[in-house]
Amino acid sequence: MLDRAEYVEQAHLFKILVARLSEQIPLQDLLGVLRHELLASTKLPMAVDFLLTELKHSGMMSPAMLRLGHYFTPYQAYLISEAEAERGQFDMRIAVRILQAEAEYRSEGASPQGIFFFQFESISRNRLRYSPGLKAISQDPAYDEPWTHFILEVRNQVGLIDLADLIFMRSEDYHRRRTAAGADNSKLPPPLFGEKEGRIAFANRHKDPLYLFSAMQRHLGYPQVPRPEPPDPSKELLPQLMRRMERLETRMKLMEEENRQGIDITKFYGDRPPSP
């Protein structure tokens with residue numbers, strides 16, 4: 001895990017990138033300017049220099065982020081690699097907004113439960129690939145060994161077993177219910193979620209996972225996951241109105257000419273072909 005100052009500067013960098021990427025400025029130009037705005041006492045300016053060098057040579061940042069595994073997490077590198085993929089299904093602006101929200105959450109003191117749900121929900125809502133995504137999440141330094149085993153188990157069971165069931169069976173509420181029923185919990189893995197998270201997961205079994213994410217986000221306090229925004233139809237409204245007004249003006253001119261002296265259709269004739 002990095003110092004709090006590193007996450008604060010990362011959140012600042014990603015915030016500026018989100019604001020300026022919408023201006024259609026090349027990413028390498030942005031990084032070349034923004035590195036001078038970062039706090040020099042942190043390691044982020046050196047990391048940005050390395051990213052900028054890789055971006056100029058290969059046109060991609062994700063390979064450099066993978067090499068800087070001591071600074072950037074595999075999850076951060078995975079998001080950027082999906083945004084840089086040729087499929088073009090994941091927008092770079094959404095990826096940077098997710099990185100900004102995660103860095104801000106870590107700077108405020110994030111819990112492993114909140115980080116896991118934020119990362120998993122970001123993959124689910126943006127329809128990214130679960131297998132490489134969960135593998136990258138399991139390598140995050142925020143998780144200890146039991147958490148790593150659990151995330152890899154979710155990676156193997158997602159789509160086969162309900163996520164709410166997987167959460168409930170690793171919660172203190174599940175252990176409490178078994179103890180009340182007289183069962184032996186000595187052979188069970190240690191709980192990773194509290195009693196409150198277990199009750200939420202039990203209440204959302206066999207339901208849409210979005211209800212589970214929404215409830216966990218309210219109670220764990222992790223930031224809302226950025227998602228693609230629907231296109232704004234108002235941006236095309238003014239050009240459409242302009243084209244309709246031009247057609248109406250043309251029709252009105254034709255009607256005025258017809259009322260005065262008739263329409264002179266000779267002006268619509270093309271040039272005569274030259275005589276042989």
# chains A, B, ... in the order shown; residues from 1 in each chain; ligands from 1

$ residues_around --residues "A:Leu21" --least-positions-apart "5" --cutoff "8 Å" --atoms "only C-alpha atoms" --output "list in words"
Pro26, Leu27 and Arg93 of chain A

$ residues_around --residues "stretch 192-194 of chain A" --least-positions-apart "3" --cutoff "10 Å" --atoms "only C-alpha atoms" --output "JSON, numbers by chain"
{"A": [112, 113, 146, 147, 150, 167, 168, 169, 170, 171, 172, 173, 174, 189, 197, 198, 199]}

$ write_last_selection --atoms "C-alpha atoms" --output "PDB file, in the first residue's frame"
ATOM      1  CA  PRO A 112     -11.101  -4.251   2.049  1.00  0.00           C
ATOM      2  CA  GLN A 113     -14.837  -4.914   1.781  1.00  0.00           C
ATOM      3  CA  PRO A 146      -7.595 -15.107   2.894  1.00  0.00           C
ATOM      4  CA  TRP A 147      -8.963 -12.309   0.741  1.00  0.00           C
ATOM      5  CA  PHE A 150     -11.740 -15.701  -1.725  1.00  0.00           C
ATOM      6  CA  ILE A 167     -20.744 -13.154   0.206  1.00  0.00           C
ATOM      7  CA  PHE A 168     -23.177 -14.591   2.758  1.00  0.00           C
ATOM      8  CA  MET A 169     -21.163 -17.790   3.267  1.00  0.00           C
ATOM      9  CA  ARG A 170     -18.051 -15.739   4.122  1.00  0.00           C
ATOM     10  CA  SER A 171     -19.824 -13.440   6.581  1.00  0.00           C
ATOM     11  CA  GLU A 172     -20.146 -13.377  10.355  1.00  0.00           C
ATOM     12  CA  ASP A 173     -23.906 -13.660   9.993  1.00  0.00           C
ATOM     13  CA  TYR A 174     -23.508 -17.082   8.376  1.00  0.00           C
ATOM     14  CA  PRO A 189     -12.702 -20.412   6.433  1.00  0.00           C
ATOM     15  CA  GLU A 197     -22.908  -7.340   5.089  1.00  0.00           C
ATOM     16  CA  GLY A 198     -24.063 -10.928   5.595  1.00  0.00           C
ATOM     17  CA  ARG A 199     -27.636  -9.841   6.288  1.00  0.00           C
TER      18      ARG A 199
END

$ residues_around --residues "A:His206" --least-positions-apart "4" --cutoff "9 Å" --atoms "only C-alpha atoms" --output "PyMOL selection string"
chain A and resi 162+164-165

$ residues_around --residues "stretch 52-66 of chain A" --least-positions-apart "3" --cutoff "12 Å" --atoms "only C-alpha atoms" --output "JSON, numbers by chain"
{"A": [26, 27, 28, 29, 30, 31, 32, 33, 34, 35, 44, 45, 46, 47, 48, 49, 69, 70, 71, 72, 73, 74, 75, 76, 77, 78, 79, 80, 81, 82, 83, 84, 85, 86, 92, 95, 136, 139]}

$ write_last_selection --atoms "N, CA, C and O atoms" --output "compact mmCIF listing (two decimals), in the first residue's frame"
# COMPACT_ATOMS: atom_id res chain seq x y z
N PRO A 26 -4.63 15.14 -27.10
CA PRO A 26 -3.90 13.86 -27.04
C PRO A 26 -3.39 13.58 -25.63
O PRO A 26 -2.97 14.47 -24.90
N LEU A 27 -3.42 12.29 -25.28
CA LEU A 27 -3.06 11.90 -23.92
C LEU A 27 -1.60 12.20 -23.61
O LEU A 27 -1.27 12.61 -22.49
N GLN A 28 -0.72 12.01 -24.57
CA GLN A 28 0.70 12.27 -24.29
C GLN A 28 0.95 13.76 -24.08
O GLN A 28 1.83 14.13 -23.28
N ASP A 29 0.20 14.61 -24.74
CA ASP A 29 0.34 16.05 -24.49
C ASP A 29 -0.14 16.40 -23.09
O ASP A 29 0.46 17.25 -22.40
N LEU A 30 -1.23 15.75 -22.67
CA LEU A 30 -1.75 16.02 -21.32
C LEU A 30 -0.76 15.59 -20.25
O LEU A 30 -0.49 16.34 -19.30
N LEU A 31 -0.20 14.39 -20.40
CA LEU A 31 0.75 13.91 -19.39
C LEU A 31 2.00 14.77 -19.35
O LEU A 31 2.58 15.01 -18.29
N GLY A 32 2.45 15.23 -20.53
CA GLY A 32 3.64 16.07 -20.56
C GLY A 32 3.45 17.38 -19.82
O GLY A 32 4.40 17.92 -19.25
N VAL A 33 2.22 17.89 -19.81
CA VAL A 33 1.95 19.15 -19.10
C VAL A 33 1.64 18.89 -17.63
O VAL A 33 2.09 19.62 -16.73
N LEU A 34 0.88 17.84 -17.35
CA LEU A 34 0.39 17.61 -15.98
C LEU A 34 1.49 17.16 -15.03
O LEU A 34 1.35 17.34 -13.82
N ARG A 35 2.55 16.57 -15.55
CA ARG A 35 3.60 16.10 -14.64
C ARG A 35 4.21 17.25 -13.84
O ARG A 35 4.72 17.05 -12.74
N LEU A 44 4.82 10.04 -7.93
CA LEU A 44 3.96 10.08 -9.11
C LEU A 44 4.61 10.78 -10.30
O LEU A 44 4.44 10.32 -11.44
N PRO A 45 5.34 11.90 -10.14
CA PRO A 45 5.98 12.51 -11.32
C PRO A 45 6.94 11.57 -12.04
O PRO A 45 6.98 11.54 -13.28
N MET A 46 7.68 10.75 -11.30
CA MET A 46 8.59 9.79 -11.94
C MET A 46 7.79 8.71 -12.66
O MET A 46 8.16 8.27 -13.76
N ALA A 47 6.67 8.28 -12.06
CA ALA A 47 5.82 7.28 -12.71
C ALA A 47 5.20 7.84 -13.98
O ALA A 47 5.10 7.14 -15.01
N VAL A 48 4.81 9.11 -13.96
CA VAL A 48 4.23 9.73 -15.15
C VAL A 48 5.27 9.85 -16.25
O VAL A 48 4.97 9.66 -17.44
N ASP A 49 6.53 10.14 -15.89
CA ASP A 49 7.60 10.18 -16.89
C ASP A 49 7.76 8.83 -17.58
O ASP A 49 7.93 8.75 -18.81
N GLY A 69 4.66 -2.26 -11.07
CA GLY A 69 3.78 -2.97 -10.15
C GLY A 69 3.95 -2.56 -8.71
O GLY A 69 3.06 -2.81 -7.88
N HIS A 70 5.07 -1.93 -8.37
CA HIS A 70 5.28 -1.45 -7.01
C HIS A 70 4.55 -0.14 -6.76
O HIS A 70 4.47 0.31 -5.60
N TYR A 71 4.01 0.49 -7.82
CA TYR A 71 3.31 1.76 -7.65
C TYR A 71 1.84 1.66 -8.09
O TYR A 71 0.95 2.02 -7.35
N PHE A 72 1.60 1.18 -9.30
CA PHE A 72 0.25 0.99 -9.79
C PHE A 72 -0.18 -0.46 -9.52
O PHE A 72 0.62 -1.39 -9.65
N THR A 73 -1.44 -0.64 -9.17
CA THR A 73 -1.95 -1.98 -8.91
C THR A 73 -2.30 -2.67 -10.23
O THR A 73 -2.56 -2.01 -11.24
N PRO A 74 -2.32 -4.01 -10.25
CA PRO A 74 -2.74 -4.72 -11.47
C PRO A 74 -4.16 -4.35 -11.91
O PRO A 74 -4.45 -4.38 -13.11
N TYR A 75 -5.01 -4.00 -10.96
CA TYR A 75 -6.37 -3.59 -11.32
C TYR A 75 -6.36 -2.29 -12.12
O TYR A 75 -7.09 -2.15 -13.12
N GLN A 76 -5.52 -1.33 -11.72
CA GLN A 76 -5.41 -0.09 -12.48
C GLN A 76 -4.88 -0.35 -13.89
O GLN A 76 -5.39 0.21 -14.87
N ALA A 77 -3.88 -1.21 -14.00
CA ALA A 77 -3.33 -1.54 -15.31
C ALA A 77 -4.36 -2.27 -16.17
O ALA A 77 -4.42 -2.08 -17.39
N TYR A 78 -5.19 -3.10 -15.53
CA TYR A 78 -6.21 -3.84 -16.29
C TYR A 78 -7.25 -2.88 -16.88
O TYR A 78 -7.65 -3.04 -18.05
N LEU A 79 -7.68 -1.91 -16.11
CA LEU A 79 -8.66 -0.95 -16.63
C LEU A 79 -8.11 -0.19 -17.83
O LEU A 79 -8.80 -0.01 -18.85
N ILE A 80 -6.86 0.26 -17.73
CA ILE A 80 -6.27 1.01 -18.85
C ILE A 80 -6.09 0.10 -20.06
O ILE A 80 -6.29 0.52 -21.21
N SER A 81 -5.72 -1.17 -19.84
CA SER A 81 -5.55 -2.09 -20.97
C SER A 81 -6.88 -2.34 -21.67
O SER A 81 -6.93 -2.46 -22.90
N GLU A 82 -7.97 -2.43 -20.92
CA GLU A 82 -9.29 -2.60 -21.55
C GLU A 82 -9.69 -1.35 -22.33
O GLU A 82 -10.32 -1.45 -23.38
N ALA A 83 -9.33 -0.18 -21.82
CA ALA A 83 -9.65 1.06 -22.55
C ALA A 83 -8.81 1.20 -23.81
O ALA A 83 -9.25 1.84 -24.78
N GLU A 84 -7.60 0.63 -23.80
CA GLU A 84 -6.72 0.72 -24.97
C GLU A 84 -6.92 -0.43 -25.95
O GLU A 84 -6.27 -0.45 -27.00
N ALA A 85 -7.78 -1.38 -25.63
CA ALA A 85 -7.98 -2.54 -26.49
C ALA A 85 -8.60 -2.12 -27.82
O ALA A 85 -9.31 -1.11 -27.91
N GLU A 86 -8.33 -2.92 -28.84
CA GLU A 86 -8.83 -2.60 -30.18
C GLU A 86 -10.34 -2.79 -30.29
O GLU A 86 -10.95 -2.28 -31.24
N MET A 92 -11.96 5.35 -22.49
CA MET A 92 -10.84 5.76 -21.65
C MET A 92 -11.31 6.74 -20.58
O MET A 92 -10.80 6.73 -19.45
N ALA A 95 -12.67 4.79 -17.71
CA ALA A 95 -11.59 4.14 -16.98
C ALA A 95 -10.89 5.12 -16.05
O ALA A 95 -10.61 4.81 -14.88
N ALA A 136 -6.68 -9.75 -11.62
CA ALA A 136 -5.96 -8.52 -11.31
C ALA A 136 -6.37 -7.99 -9.94
O ALA A 136 -5.53 -7.49 -9.18
N GLN A 139 -4.59 -9.59 -6.93
CA GLN A 139 -3.19 -9.23 -6.73
C GLN A 139 -3.01 -7.85 -6.09
O GLN A 139 -1.89 -7.36 -5.98

$ select_by_dssp --residues "stretch 95-195 of chain A" --states "alpha helix (DSSP H)" --output "ChimeraX atom specification"
/A:95-107,112-125,130-138,145-157,163-168,172-180,195

$ residues_around --residues "A:Arg176" --least-positions-apart "5" --cutoff "10 Å" --atoms "only C-alpha atoms" --output "JSON, numbers by chain"
{"A": [171, 181, 182, 183, 185, 195]}

$ residues_around --residues "A:Ala11" --least-positions-apart "2" --cutoff "6 Å" --atoms "only C-alpha atoms" --output "list in words"
Val8, Glu9, Leu13, Phe14, Lys15, Gln100, Ala103 and Glu104 of chain A

$ closest_residue --among "A:Leu68, A:Ala101, A:Ala203, A:Ile123" --to "A:His12" --atoms "only C-alpha atoms"
A:Ala101
